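Reproduced below: start24.txt, with compact mmCIF, C-alpha atoms and all ligand atoms.
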# COMPACT_ATOMS: atom_id res chain seq x y z
CA MET A 48 17.05 20.41 12.67
CA SER A 49 19.40 19.44 9.85
CA PHE A 50 20.70 16.11 8.59
CA ASN A 51 24.16 17.08 9.90
CA ASN A 52 22.96 16.65 13.48
CA LEU A 53 21.82 13.06 13.12
CA GLY A 54 25.21 11.37 13.19
CA LEU A 55 25.23 10.34 9.53
CA SER A 56 28.52 9.89 7.66
CA ALA A 57 29.82 12.15 4.89
CA PRO A 58 28.97 9.83 1.94
CA LEU A 59 25.37 9.66 3.14
CA LEU A 60 25.12 13.41 3.68
CA LYS A 61 26.39 13.82 0.12
CA SER A 62 23.66 11.59 -1.34
CA ILE A 63 21.00 13.28 0.83
CA SER A 64 21.99 16.63 -0.55
CA LYS A 65 22.01 15.18 -4.08
CA GLN A 66 18.38 14.10 -3.51
CA GLY A 67 17.60 17.70 -2.61
CA TYR A 68 16.45 16.92 0.94
CA ILE A 69 17.10 19.83 3.29
CA THR A 70 15.36 18.96 6.56
CA PRO A 71 14.85 15.47 7.92
CA SER A 72 11.18 14.55 8.22
CA PRO A 73 9.81 13.87 11.76
CA ILE A 74 10.11 10.09 11.38
CA GLN A 75 13.70 10.48 10.13
CA GLN A 76 14.61 12.72 13.07
CA LYS A 77 13.31 10.13 15.48
CA ALA A 78 14.30 6.88 13.77
CA ILE A 79 17.80 7.57 12.46
CA PRO A 80 19.59 8.01 15.84
CA VAL A 81 17.80 4.95 17.27
CA VAL A 82 18.81 2.70 14.37
CA LEU A 83 22.38 4.02 14.44
CA GLN A 84 22.59 2.91 18.07
CA GLY A 85 21.76 -0.63 16.97
CA LYS A 86 18.40 -0.71 18.75
CA ASP A 87 15.19 -2.40 17.60
CA LEU A 88 12.54 -0.02 16.30
CA LEU A 89 8.76 -0.06 16.21
CA ALA A 90 7.68 2.73 13.86
CA SER A 91 4.20 3.97 13.17
CA ALA A 92 4.50 5.56 9.75
CA GLN A 93 2.70 5.45 6.47
CA THR A 94 3.99 5.98 2.95
CA GLY A 95 4.76 9.62 2.31
CA THR A 96 6.37 10.34 5.66
CA GLY A 97 9.92 9.67 4.47
CA LYS A 98 10.03 6.37 6.35
CA THR A 99 12.22 4.68 3.74
CA ALA A 100 15.13 7.06 4.33
CA GLY A 101 14.35 6.71 8.05
CA PHE A 102 15.57 3.12 8.00
CA ALA A 103 17.72 3.03 4.86
CA LEU A 104 20.17 5.79 5.79
CA PRO A 105 21.22 4.45 9.22
CA MET A 106 21.16 0.88 7.89
CA LEU A 107 23.60 1.82 5.10
CA GLN A 108 25.84 3.51 7.63
CA LEU A 109 25.91 0.48 9.96
CA LEU A 110 26.64 -1.92 7.11
CA SER A 111 29.37 0.25 5.60
CA LYS A 112 31.38 0.10 8.82
CA ASN A 113 32.63 -3.38 8.08
CA VAL A 114 32.39 -4.45 4.47
CA PRO A 115 33.54 -8.07 4.14
CA ALA A 116 36.59 -8.56 1.93
CA LYS A 117 35.42 -11.91 0.58
CA ARG A 118 32.17 -13.20 -0.86
CA ARG A 119 29.22 -11.06 0.09
CA GLN A 120 26.16 -12.52 1.73
CA VAL A 121 22.89 -10.83 2.59
CA ARG A 122 23.48 -8.72 5.72
CA ALA A 123 20.32 -6.63 5.60
CA LEU A 124 16.94 -7.92 4.49
CA ILE A 125 13.98 -5.64 3.79
CA LEU A 126 10.64 -7.38 3.37
CA ALA A 127 7.90 -5.50 1.53
CA PRO A 128 4.34 -6.54 0.66
CA THR A 129 4.27 -5.69 -3.06
CA ARG A 130 6.64 -5.61 -5.99
CA GLU A 131 5.91 -1.91 -6.48
CA LEU A 132 6.99 -1.07 -2.95
CA ALA A 133 10.00 -3.41 -3.15
CA ALA A 134 11.14 -1.76 -6.39
CA GLN A 135 10.66 1.70 -4.87
CA VAL A 136 12.63 0.87 -1.73
CA PHE A 137 15.41 -0.64 -3.84
CA ASP A 138 15.64 2.54 -5.93
CA ASP A 139 15.84 4.65 -2.77
CA ILE A 140 18.59 2.44 -1.32
CA LYS A 141 20.60 2.71 -4.53
CA ASN A 142 20.28 6.50 -4.42
CA TYR A 143 21.14 6.87 -0.75
CA GLY A 144 24.03 4.40 -1.01
CA GLU A 145 25.52 5.87 -4.17
CA PHE A 146 28.78 6.92 -2.46
CA LEU A 147 29.24 3.74 -0.42
CA ASP A 148 30.79 0.41 -1.37
CA LEU A 149 27.71 -1.73 -0.76
CA ARG A 150 25.73 -3.90 -3.13
CA SER A 151 21.97 -4.13 -3.13
CA SER A 152 19.43 -6.10 -5.08
CA VAL A 153 15.67 -6.64 -5.30
CA ILE A 154 13.65 -9.80 -5.82
CA PHE A 155 9.89 -10.23 -6.32
CA GLY A 156 7.53 -12.65 -7.99
CA GLY A 157 5.72 -12.45 -11.32
CA VAL A 158 8.88 -12.04 -13.38
CA ASN A 159 11.64 -14.37 -14.59
CA GLN A 160 13.87 -15.35 -11.68
CA ASN A 161 17.11 -15.68 -13.68
CA PRO A 162 18.30 -12.05 -13.56
CA GLN A 163 17.55 -12.04 -9.82
CA VAL A 164 19.52 -15.26 -9.33
CA ASN A 165 22.47 -13.83 -11.29
CA ALA A 166 22.51 -10.73 -9.10
CA LEU A 167 22.49 -12.91 -5.98
CA ARG A 168 25.41 -14.96 -7.36
CA ASN A 169 27.49 -11.78 -7.62
CA GLY A 170 27.04 -11.18 -3.90
CA VAL A 171 24.58 -8.80 -2.23
CA ASP A 172 24.82 -6.90 1.06
CA ILE A 173 21.27 -5.54 1.09
CA LEU A 174 18.33 -7.48 -0.28
CA VAL A 175 14.85 -6.04 -0.76
CA ALA A 176 12.27 -8.78 -1.27
CA THR A 177 8.64 -9.79 -1.28
CA PRO A 178 8.14 -12.82 0.99
CA GLY A 179 6.97 -15.38 -1.59
CA ARG A 180 9.84 -15.05 -4.07
CA LEU A 181 12.36 -14.85 -1.23
CA LEU A 182 11.27 -18.23 0.14
CA ASP A 183 11.13 -19.65 -3.36
CA LEU A 184 14.75 -18.70 -4.10
CA HIS A 185 15.83 -19.82 -0.66
CA ASN A 186 14.22 -23.22 -1.23
CA GLN A 187 16.18 -23.45 -4.48
CA ARG A 188 19.32 -22.62 -2.49
CA PHE A 189 20.07 -19.45 -4.43
CA LEU A 190 20.30 -17.39 -1.28
CA PHE A 191 21.09 -17.78 2.40
CA LEU A 192 20.01 -15.70 5.33
CA ASP A 193 22.53 -16.98 7.91
CA ASN A 194 24.39 -13.68 7.97
CA VAL A 195 21.50 -11.25 8.26
CA GLU A 196 22.34 -8.52 10.79
CA ILE A 197 19.37 -6.21 10.14
CA LEU A 198 15.78 -7.13 9.29
CA VAL A 199 13.25 -4.52 8.17
CA LEU A 200 9.54 -5.28 7.84
CA ASP A 201 8.13 -2.47 5.72
CA GLU A 202 4.35 -1.93 5.68
CA ALA A 203 4.00 -4.87 8.05
CA ASP A 204 0.22 -4.38 8.33
CA ARG A 205 -0.11 -4.77 4.57
CA MET A 206 1.94 -7.94 4.63
CA LEU A 207 -0.38 -9.44 7.21
CA ASP A 208 -3.48 -8.28 5.27
CA MET A 209 -2.10 -10.07 2.25
CA GLY A 210 -1.66 -13.30 4.16
CA PHE A 211 2.14 -13.26 4.49
CA LEU A 212 2.27 -14.00 8.23
CA ARG A 213 3.31 -17.64 7.80
CA ASP A 214 5.95 -16.73 5.21
CA ILE A 215 7.31 -14.01 7.48
CA LYS A 216 7.59 -16.45 10.37
CA LYS A 217 9.38 -18.95 8.15
CA ILE A 218 11.80 -16.28 6.96
CA ILE A 219 12.53 -15.15 10.52
CA GLY A 220 13.35 -18.76 11.36
CA LEU A 221 16.06 -18.77 8.66
CA MET A 222 18.01 -15.91 10.19
CA PRO A 223 20.41 -15.75 13.13
CA LYS A 224 18.66 -14.94 16.42
CA LYS A 225 20.97 -12.05 17.18
CA ARG A 226 20.10 -9.25 14.81
CA GLN A 227 18.56 -5.79 14.72
CA ASN A 228 14.84 -5.63 13.85
CA LEU A 229 12.92 -2.66 12.48
CA LEU A 230 9.16 -2.84 12.00
CA PHE A 231 7.19 -0.20 10.09
CA SER A 232 3.42 -0.19 10.00
CA ALA A 233 0.72 2.41 9.32
CA THR A 234 -1.79 0.78 11.64
CA PHE A 235 -1.51 -1.37 14.75
CA SER A 236 -4.03 -4.19 14.91
CA GLN A 237 -3.81 -6.90 17.57
CA GLU A 238 -2.10 -9.12 14.98
CA ILE A 239 0.65 -6.57 14.33
CA LYS A 240 1.18 -6.05 18.04
CA LYS A 241 1.56 -9.80 18.46
CA LEU A 242 4.07 -10.00 15.62
CA ALA A 243 6.01 -7.06 17.06
CA ASN A 244 6.07 -8.59 20.55
CA GLY A 245 7.56 -11.82 19.22
CA LEU A 246 10.08 -10.11 16.95
CA LEU A 247 11.40 -7.00 18.66
CA HIS A 248 13.69 -6.82 21.70
CA HIS A 249 13.15 -3.76 23.89
CA PRO A 250 12.15 -1.69 20.87
CA VAL A 251 12.09 2.08 20.79
CA ALA A 252 8.66 3.18 19.54
CA VAL A 253 8.52 6.16 17.18
CA GLU A 254 5.56 7.74 15.42
CA ALA A 255 5.40 9.89 12.30
CA THR A 256 1.85 10.90 13.07
CA PRO A 257 0.05 9.86 16.25
CA GLU A 258 -1.19 6.28 16.08
CA ASN A 259 -4.11 5.81 13.72
CA THR A 260 -4.51 9.46 12.84
CA THR A 261 -4.18 10.89 9.39
CA ALA A 262 -1.53 13.22 8.03
CA GLU A 263 -2.23 16.81 9.03
CA LYS A 264 -1.96 18.20 5.55
CA VAL A 265 -4.88 16.19 4.21
CA ASP A 266 -8.21 17.97 4.05
CA GLN A 267 -11.00 15.43 4.37
CA LEU A 268 -14.51 15.93 3.12
CA VAL A 269 -17.59 13.73 2.89
CA TYR A 270 -20.20 14.35 0.19
CA ARG A 271 -23.50 12.67 0.92
CA VAL A 272 -24.89 11.42 -2.41
CA ASP A 273 -27.31 8.80 -3.66
CA LYS A 274 -25.69 5.54 -4.67
CA LYS A 275 -27.03 5.69 -8.20
CA MET A 276 -25.81 9.27 -8.65
CA LYS A 277 -22.18 8.55 -7.74
CA PRO A 278 -20.86 8.26 -11.33
CA GLU A 279 -22.35 11.64 -12.28
CA ALA A 280 -21.16 13.24 -9.04
CA MET A 281 -17.64 11.93 -9.72
CA ILE A 282 -17.65 13.40 -13.23
CA GLN A 283 -18.88 16.76 -11.99
CA LEU A 284 -16.20 16.94 -9.28
CA ILE A 285 -13.47 16.21 -11.83
CA PHE A 286 -14.75 18.81 -14.31
CA ASP A 287 -15.62 21.53 -11.79
CA GLY A 288 -12.38 21.13 -9.88
CA GLN A 289 -10.39 20.75 -13.14
CA TRP A 290 -8.61 17.82 -11.54
CA GLN A 291 -5.64 16.62 -13.52
CA GLN A 292 -4.61 13.75 -11.27
CA ALA A 293 -6.90 11.81 -8.98
CA LEU A 294 -6.70 8.38 -7.43
CA VAL A 295 -10.16 6.88 -6.94
CA PHE A 296 -10.91 3.85 -4.80
CA THR A 297 -13.68 1.34 -5.36
CA ARG A 298 -14.44 -1.73 -3.31
CA THR A 299 -14.61 -4.23 -6.16
CA LYS A 300 -12.74 -5.00 -9.36
CA HIS A 301 -15.96 -4.78 -11.38
CA GLY A 302 -16.75 -1.46 -9.78
CA ALA A 303 -13.30 -0.17 -10.79
CA ASN A 304 -13.78 -1.31 -14.39
CA ARG A 305 -17.29 0.13 -14.62
CA LEU A 306 -16.31 3.53 -13.26
CA SER A 307 -13.18 3.78 -15.38
CA GLU A 308 -15.22 3.01 -18.50
CA LYS A 309 -17.87 5.57 -17.56
CA LEU A 310 -15.18 8.25 -17.11
CA ARG A 311 -13.62 7.44 -20.46
CA LYS A 312 -17.05 7.75 -22.14
CA ASN A 313 -17.19 11.23 -20.64
CA ASP A 314 -13.80 12.23 -22.10
CA ILE A 315 -11.87 11.78 -18.87
CA THR A 316 -8.78 9.66 -19.47
CA SER A 317 -8.77 6.83 -16.98
CA ALA A 318 -7.49 3.34 -16.25
CA ALA A 319 -8.45 0.73 -13.68
CA ILE A 320 -5.97 -1.32 -11.69
CA HIS A 321 -6.92 -4.36 -9.67
CA GLY A 322 -5.94 -7.93 -8.98
CA ASN A 323 -7.29 -9.24 -12.29
CA LYS A 324 -4.99 -7.00 -14.32
CA SER A 325 -1.61 -8.33 -15.39
CA GLN A 326 1.53 -6.89 -13.85
CA GLY A 327 2.31 -5.30 -17.23
CA ALA A 328 -1.08 -3.57 -17.38
CA ARG A 329 -0.73 -2.30 -13.80
CA THR A 330 2.76 -0.96 -14.38
CA LYS A 331 1.69 0.77 -17.59
CA ALA A 332 -1.40 2.33 -16.00
CA LEU A 333 0.68 3.64 -13.11
CA ALA A 334 3.39 5.00 -15.41
CA ASP A 335 0.74 6.74 -17.59
CA PHE A 336 -0.88 8.18 -14.49
CA LYS A 337 2.45 9.44 -13.13
CA LYS A 338 3.40 11.14 -16.37
CA GLY A 339 -0.04 12.73 -16.65
CA SER A 340 -1.45 10.97 -19.71
CA ILE A 341 -4.19 9.47 -17.51
CA ARG A 342 -6.15 11.81 -15.24
CA VAL A 343 -7.93 9.29 -13.09
CA LEU A 344 -6.59 6.00 -11.80
CA VAL A 345 -9.36 3.82 -10.39
CA ALA A 346 -8.02 1.24 -7.97
CA THR A 347 -9.03 -1.40 -5.48
CA ASP A 348 -7.25 -1.42 -2.11
CA ILE A 349 -5.09 -4.43 -2.95
CA ALA A 350 -3.90 -2.96 -6.25
CA ALA A 351 -3.01 0.38 -4.67
CA ARG A 352 -0.83 -1.09 -1.95
CA GLY A 353 2.70 0.13 -2.15
CA LEU A 354 2.17 2.50 -5.06
CA ASP A 355 4.52 5.45 -4.84
CA ILE A 356 2.82 8.45 -6.36
CA PRO A 357 4.47 11.64 -5.13
CA LEU A 358 2.43 14.77 -4.45
CA LEU A 359 -0.96 13.36 -5.30
CA PRO A 360 -3.48 16.20 -5.09
CA HIS A 361 -6.76 14.23 -4.90
CA VAL A 362 -7.84 10.94 -3.45
CA VAL A 363 -11.47 9.90 -3.72
CA ASN A 364 -13.26 7.17 -1.85
CA TYR A 365 -15.88 6.38 -4.47
CA GLU A 366 -16.97 3.71 -2.05
CA LEU A 367 -15.85 3.66 1.56
CA PRO A 368 -13.88 0.64 2.76
CA ASN A 369 -15.59 -1.41 5.47
CA VAL A 370 -12.29 -1.57 7.39
CA PRO A 371 -11.55 1.89 8.85
CA GLU A 372 -7.76 1.32 8.71
CA ASP A 373 -8.03 1.04 4.93
CA TYR A 374 -9.39 4.58 4.86
CA VAL A 375 -6.23 5.79 6.62
CA HIS A 376 -4.14 3.97 4.03
CA ARG A 377 -6.08 5.30 1.09
CA ILE A 378 -5.95 8.93 2.10
CA GLY A 379 -2.30 8.58 3.11
CA ARG A 380 -1.64 8.79 -0.63
CA THR A 381 -2.39 12.46 -0.77
CA GLY A 382 -0.76 15.43 0.95
CA ARG A 383 2.65 13.82 0.72
CA ALA A 384 6.13 15.17 1.53
CA GLY A 385 4.89 18.53 2.70
CA ALA A 386 2.29 19.18 -0.02
CA SER A 387 -1.37 19.50 0.89
CA GLY A 388 -4.03 17.20 -0.49
CA LEU A 389 -7.75 16.66 -0.59
CA ALA A 390 -9.43 13.39 0.32
CA ILE A 391 -13.07 13.23 -0.71
CA SER A 392 -15.53 10.46 0.12
CA LEU A 393 -18.77 9.94 -1.79
CA VAL A 394 -21.01 8.40 0.79
CA SER A 395 -24.45 6.88 0.19
CA VAL A 396 -26.91 6.31 3.00
CA ASP A 397 -25.94 2.64 3.46
CA GLU A 398 -22.29 3.64 4.00
CA MET A 399 -22.94 6.01 6.88
CA GLU A 400 -22.03 3.30 9.38
CA TYR A 401 -18.54 3.15 7.84
CA VAL A 402 -18.18 6.91 8.37
CA GLN A 403 -18.89 6.34 12.05
CA GLY A 404 -16.23 3.62 12.21
CA ILE A 405 -13.67 5.92 10.59
CA GLU A 406 -14.54 8.82 12.89
CA LYS A 407 -14.15 6.56 15.89
CA LEU A 408 -10.73 5.41 14.74
CA LEU A 409 -9.47 8.90 13.87
CA LYS A 410 -11.19 10.56 16.82
CA VAL A 411 -12.38 13.39 14.57
CA LYS A 412 -15.66 14.26 12.92
CA LEU A 413 -15.41 14.24 9.11
CA PRO A 414 -16.86 17.45 7.63
CA THR A 415 -19.94 16.54 5.59
CA GLN A 416 -21.42 18.52 2.71
CA ILE A 417 -24.10 18.18 0.07
CA LEU A 418 -22.98 18.56 -3.53
CA GLU A 419 -25.23 21.00 -5.34
CA GLY A 420 -27.52 19.18 -7.78
CA PHE A 421 -26.87 15.87 -6.03
CA GLU A 422 -28.99 16.25 -2.91
CA PRO A 423 -29.51 12.74 -1.49
CA THR A 424 -33.01 11.29 -1.59
CA GLU A 425 -32.45 7.56 -1.06
CA LYS A 426 -33.78 5.98 2.14
CA LEU A 427 -31.68 3.37 3.91
CA ALA A 428 -34.48 0.78 3.82
CA ASP A 429 -34.84 1.14 0.03
CA VAL A 430 -31.11 0.85 -0.63
CA LEU A 431 -30.86 -2.23 1.58
CA LYS A 432 -33.90 -3.78 -0.15
CA ASP A 433 -32.34 -3.15 -3.59
CA LYS A 434 -29.08 -4.66 -2.42
CA LYS A 435 -30.85 -7.73 -1.03
CA GLU A 436 -32.62 -8.26 -4.35
CA ARG A 437 -29.42 -7.84 -6.32
CA ASP A 438 -27.55 -10.24 -4.03
CA SER A 439 -30.23 -12.87 -4.27
CA ALA A 440 -30.35 -12.54 -8.10
CA LYS A 441 -26.58 -12.95 -8.10
CA ARG A 442 -26.78 -16.00 -5.84
CA SER A 443 -29.35 -17.70 -8.02
CA ARG A 444 -27.16 -17.00 -11.09
CA HIS A 445 -24.18 -18.64 -9.35
CA SER A 446 -25.93 -21.61 -7.71
CA ARG A 447 -26.02 -24.00 -10.61
CA PRO A 448 -27.96 -27.22 -10.03
CA SER A 449 -25.74 -30.31 -10.13
CA GLY A 450 -26.06 -32.60 -13.18
CA ASN A 451 -27.80 -35.45 -11.36
CA SER A 452 -30.23 -33.23 -9.51
CA ARG A 453 -33.82 -34.32 -9.98
CA ARG A 454 -35.22 -31.24 -8.29
CA ASN A 455 -35.52 -29.32 -11.51
CA GLY A 456 -37.27 -32.17 -13.26
CA GLY A 457 -34.15 -33.27 -15.10
CA ARG A 458 -33.71 -29.94 -16.88
CA LYS A 459 -30.07 -28.88 -16.83
CA ASN A 460 -28.98 -25.29 -16.50
CA ASN A 461 -31.91 -24.00 -18.44
CA PHE A 462 -31.66 -20.79 -16.40
CA ARG A 463 -28.78 -19.88 -18.65
CA ARG A 464 -30.83 -19.68 -21.82
P1 LIG A 501 8.49 7.48 1.76
O1 LIG A 501 7.53 7.77 2.87
O2 LIG A 501 9.72 6.84 2.23
O3 LIG A 501 7.80 6.71 0.66
O4 LIG A 501 8.94 8.89 1.12
C1 LIG A 501 8.03 9.75 0.49
C2 LIG A 501 8.68 10.76 -0.44
O5 LIG A 501 9.34 11.78 0.31
C3 LIG A 501 9.71 10.16 -1.36
O6 LIG A 501 9.44 10.66 -2.66
C4 LIG A 501 11.05 10.68 -0.83
O7 LIG A 501 11.97 10.86 -1.89
C5 LIG A 501 10.67 12.00 -0.19
N1 LIG A 501 11.51 12.34 0.97
C6 LIG A 501 12.00 11.52 1.92
N2 LIG A 501 12.68 12.19 2.85
C7 LIG A 501 12.62 13.49 2.51
C8 LIG A 501 13.14 14.70 3.11
N3 LIG A 501 13.82 14.70 4.24
N4 LIG A 501 12.88 15.86 2.48
C9 LIG A 501 12.13 15.88 1.34
N5 LIG A 501 11.62 14.79 0.72
C10 LIG A 501 11.86 13.60 1.30

Go ahead and express the file in the form of structure tokens.
Ligand code: AMP
Amino acid sequence: MSFNNLGLSAPLLKSISKQGYITPSPIQQKAIPVVLQGKDLLASAQTGTGKTAGFALPMLQLLSKNVPAKRRQVRALILAPTRELAAQVFDDIKNYGEFLDLRSSVIFGGVNQNPQVNALRNGVDILVATPGRLLDLHNQRFLFLDNVEILVLDEADRMLDMGFLRDIKKIIGLMPKKRQNLLFSATFSQEIKKLANGLLHHPVAVEATPENTTAEKVDQLVYRVDKKMKPEAMIQLIFDGQWQQALVFTRTKHGANRLSEKLRKNDITSAAIHGNKSQGARTKALADFKKGSIRVLVATDIAARGLDIPLLPHVVNYELPNVPEDYVHRIGRTGRAGASGLAISLVSVDEMEYVQGIEKLLKVKLPTQILEGFEPTEKLADVLKDKKERDSAKRSRHSRPSGNSRRNGGRKNNFRR
């Protein structure tokens, strides 16, 4: 199969060859002809499958057929959950559309709106946006969606996870009813299915990998370790494997900070990214990681959404997510675009139930090994008891008595001393 057989026009084939793509990826082979026919699409695809070109190439072709002579209004809208993903999609669209007379722009929150407003004033055919800033600029009457012909929801599951459902519904209400809709999602919860049912008309369903299964090129491995030994186990894996680039997931922001600090103390360059870090700090950490000056990026799920890190060799679940779909997302960041990758999970006894949830979702058994020197000894009951004690200590730290409480004999906050 070659790109020449997909019905794409010469300017697009030229930009594809400039990108160095030779064969269309499975999702591109399936999605491109469907979108070119003007049909709605329901695509099951995660980052790394080439999904962006899967919708961007045919969308550019459809839009280039009739470029309006006068003032340009948004004719294609792509909604993305994060600024990182929006920026990435925008870059791809610019590259793919290099030899076409179409204008594109990107808008997202957290930065000054003026340059975005100026770009909109000049007229835009294709707009990539995060939902919040889009509504904000629409409310200020800087943009209109009355002429949208194509709507793309990219990483729709992520948008719902991040609480964008209401915004998405509002945005849909601002567009003409007759339009083409494309929905991309890595996972299909009941919520996503409901959104898709309301949005898509007789959609063609395409899958990059079978629903809720992981990319074939990713080798998955579980190491059973004691909770308290995880930092040391992590360090040993990095040194023994001579890893130069690993993305490590923790469940909490504090956990990410603590691990990153521990790695740095052991001469492993590392940075943590999570919701408490500024946009500037996140962008810098990611840029340093991409160029290789940081070996280990420690991230929470939210912070990692939408990151585009090509050819990532190692992904580690330092702690397993309690939502099995998040596991699929996390390990989807390795083994990308034809390269193979390794996804390792460090699993303590109290996390074994999450392994079962993941295995049920993926319908495979995860290979489990013991790391030499880190043979697990912890008993579930002990770990749960420790956790209970820690949680209750935390609760008593946080439950401050109110000022007029008499229960503590009039003493105020003396637990703080
Ligand atoms: P995506 O899933 O859209 O984020 O794409 C993942 C990566 O694959 C990006 O770095 C693309 O530039 C690259 N890519 C997309 N399509 C192809 C293709 N047909 N051949 C090789 N690389 C591709």

Point out the residue among A:Ala123, A:Ile349, A:Val136, A:Leu393 with the least atom-to-atom distance to ligand LIG 501 (chain A), counting all atoms listed in the file.
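Closest residue, counting all atoms listed in the file: A:Val136.
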
For chain A against ligand LIG 501 (chain A), with a cut-off of 6 Å and counting all atoms listed in the file, what is the closest atom pair and its distance in Å to one decimal for every residue that makes the cut, ordered by chain and number, as a tab-separated table?
residue	atom	partner	partner_atom	distance
A:Tyr68	CA	A:LIG501	N4	4.0
A:Ile69	CA	A:LIG501	N4	5.9
A:Thr70	CA	A:LIG501	N3	5.1
A:Pro71	CA	A:LIG501	N3	3.9
A:Ser72	CA	A:LIG501	N3	4.8
A:Thr94	CA	A:LIG501	O1	4.0
A:Gly95	CA	A:LIG501	O1	3.4
A:Thr96	CA	A:LIG501	O1	4.0
A:Gly97	CA	A:LIG501	O1	3.4
A:Lys98	CA	A:LIG501	O2	4.2
A:Thr99	CA	A:LIG501	O2	3.6
A:Ala100	CA	A:LIG501	O2	5.8
A:Pro357	CA	A:LIG501	O6	5.6
A:Ala384	CA	A:LIG501	O5	4.8

How many Å separate atom CA of A:Leu431 from atom CA of A:Leu413?
23.8 Å

Surrounding residues of A:Val272 excluding itself and chain neighbours under 6 positions, 6 Å, all atoms listed in the file, as a list in words:
Val394, Ser395 and Pro423 of chain A

Keeping C-alpha atoms, export the residues of the selection given above as a compact mmCIF listing (two decimals), in the coordinates of the input.
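This went into again_27.txt:
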# COMPACT_ATOMS: atom_id res chain seq x y z
CA VAL A 394 -21.01 8.40 0.79
CA SER A 395 -24.45 6.88 0.19
CA PRO A 423 -29.51 12.74 -1.49

Point out the residue among A:Arg437, A:Arg329, A:Arg271, A:His301 with the least atom-to-atom distance to A:Glu398, counting all atoms listed in the file.
A:Arg271

d(atom CA of A:Gly54, atom CA of A:Asp148) in Å
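Separating atom CA of A:Gly54 from atom CA of A:Asp148 is a distance of 19.1 Å.
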
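Across the structure, atom CA of A:Arg305 and atom CA of A:Thr415 are spaced 26.2 Å apart.
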
Take every atom of stretch 315-331 of chain A listed in the file, pad by 4 Å on each side, and give me the axis-aligned box centre and edge lengths in Å, one decimal, as AutoDock Vina command-line options.
--center_x -4.6 --center_y 1.3 --center_z -14.2 --size_x 22.6 --size_y 29.0 --size_z 18.5

In file coordinates, which residues lie within 8 Å of (-13.3, 7.6, -9.5) using all atoms listed in the file, given as a PyMOL selection string?
chain A and resi 278+281+293-297+303+306-307+310+343-345+363-365

Using only C-alpha atoms, which residue out of A:Gln75, A:Tyr270, A:Glu238, A:Pro58 lies closest to A:Gly144?
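Using only C-alpha atoms, A:Gly144 sits closest to A:Pro58.
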